[in-house]
Each structure stands twice: as C-alpha cells, then as structure tokens.
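Below is one structure, written out as structure tokens, with a few remarks after it.
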Amino acid sequence: MLLAVEADRAHTVEEVAGRYDISRNHLNKVVQTLVQAKFIRSVRGRGGGISLALPPEEINLGDVIRASEDNFDLVECFDKETNTCILAPVCGLKGPLEEALIAFLKVLDSYSLHDLVMRPGAYRKIRKVLSSR
C-alpha cells in the first residue's frame, strides 16, 4: 500500500521495513517474490529502490496472494503425496475446507490494490499514518 500511496518515488527496502516495523530480511524475501511476479520493480544502486510495476488498478489481491504463498494446503490431506492422515478416506473436513479456500480466494480476486488505498477517506489516512513513521 505504501508503494501505491507514495508512487511519486522509489522506496528502499530498509525504509519500508522501518516504516512498517517489520524484519528487513523478511521484507527482502517478499520483495524478491513480488519482483519475480512482476507486481513491483526493483532498481539497484544510488537512487534505486522499489516501486509498483503496474498501476494499482491492475494489481489483483488474489493474484498477489497466490504469487506470495507456496501452497494453500490448509491441512495435511490437501497434499496427496505427503498425506499420512488415517482419517483421510472417511473425513468430512476436507470438502468444507476446500470450499472455504475457494471462497477466500474469490473474495480477494474481487479487489485490487487501488480498492484498498482509494476507498473513501483511506488514501489520506494511510498517508498520514505512513508519514508519521
């Protein structure tokens, strides 16, 4: 969201980590994933940094989550190759969990980054919070 509301310049990973009070190492991994997925761009060197590679309207939240997660195996039986659960053949939990996962992703698919930062009053409030950090 920072890259969307402060799109006028590139931001360093160190700056973003500090403003959000998160681990720089973790953020580096997230940035690498988002660069590979072509949601953000990264420029090295003096004057470099990270910025959005697409307009916020074109960055779908469901796509970002799918690119960011290795898998969506909510329970062991979702992975047939590694499943050792003895209840798998008779368990009724897998179906509802699969249904919930589909619904979860469907909701995220209905939003863009633009929707998050441009909802009424949000842009100004987000900028205010981020400017204090």
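Residues in the structure tokens are numbered from 1 in each chain, the chains being A, B, ... in the order shown, and ligands are numbered from 1 in the order shown.
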*Write out as a list in words which residues come within 9 Å of stretch 18-32 of chain A when counting only C-alpha atoms, dropping same-chain ones fewer than 5 positions away.*
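The residues that qualify are Val13, Ala37, Ile40, Arg41, Ser42, Ile50, Ser68, Leu130, Ser131, Ser132 and Arg133 of chain A.
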*If you run DSSP over the backbone, which residues in chain A end up helix (DSSP H, G or I)? Put them as a PyMOL selection string.*
chain A and resi 2-5+13-20+24-36+56-58+61-68+76-78+94-109+113-118+122-131
*Can you pull out every residue within 7 Å of stretch 107-109 of chain A, counting only C-alpha atoms, but drop anything in the same chain fewer than 2 positions away, and send it as a ChimeraX atom specification?*
/A:60-62,103-105,111
Selection export as a CSV table (one decimal), in the first residue's frame, atoms kept: C-alpha atoms:
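To be explicit, this is the file written out as out-v1.csv:
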```csv
chain,number,residue,atom,x,y,z
A,60,ASN,CA,-5.3,-8.0,-8.1
A,61,LEU,CA,-5.1,-9.1,-4.4
A,62,GLY,CA,-5.9,-12.7,-5.2
A,103,ALA,CA,-14.4,-18.6,-1.3
A,104,PHE,CA,-11.4,-16.9,0.4
A,105,LEU,CA,-9.6,-16.5,-3.0
A,111,TYR,CA,-10.3,-6.5,-5.0
```
Could you tell me, as a PDB file with C-alpha atoms, in the first residue's frame, which residues of chain A DSSP assigns to strand (DSSP E or B) when given the backbone?
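The result, written out as result_11.pdb:
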```pdb
ATOM      1  CA  HIS A  11      11.450   3.341  -1.692  1.00  0.00           C
ATOM      2  CA  ILE A  40       6.835  -4.390  -8.293  1.00  0.00           C
ATOM      3  CA  ARG A  41      10.126  -3.349  -9.854  1.00  0.00           C
ATOM      4  CA  SER A  42      13.461  -3.018  -8.154  1.00  0.00           C
ATOM      5  CA  VAL A  43      16.303  -0.756  -9.244  1.00  0.00           C
ATOM      6  CA  GLY A  49      14.596   1.274  -4.753  1.00  0.00           C
ATOM      7  CA  ILE A  50      11.293  -0.469  -5.206  1.00  0.00           C
ATOM      8  CA  SER A  51       8.122   0.804  -6.839  1.00  0.00           C
ATOM      9  CA  LEU A  52       4.952  -0.587  -8.367  1.00  0.00           C
ATOM     10  CA  ASN A  60      -5.297  -8.016  -8.058  1.00  0.00           C
ATOM     11  CA  SER A 112      -7.334  -4.555  -6.410  1.00  0.00           C
TER      12      SER A 112
END
```
*Return the single residue from A:Leu74, A:Ile59, A:Leu116, A:Val64 that is closest to A:Gly95, with distances computed using only C-alpha atoms.*
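When distances to A:Gly95 are compared using only C-alpha atoms, the smallest one comes from A:Leu74.
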_Using Å and a single decimal, report how far atom CA of A:His114 sits from atom CA of A:Leu101._
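Atom-to-atom, atom CA of A:Leu101 to atom CA of A:His114, that is 23.4 Å.
Pairwise distance (atom CA of A:Val90, atom CA of A:Phe72) equals 21.4 Å.
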*Distance query stretch 75-77 of chain A at most 8 Å, only C-alpha atoms, self and fewer than 4 positions along chain excluded, as an NGL selection string*: :A and (82-85 or 88 or 94)
*Point out the residue among A:Pro56, A:Lys80, A:Leu93, A:Val35 with the least atom-to-atom distance to A:Val5, counting only C-alpha atoms.*
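Of the candidates, the smallest distance to A:Val5 is held by A:Pro56.
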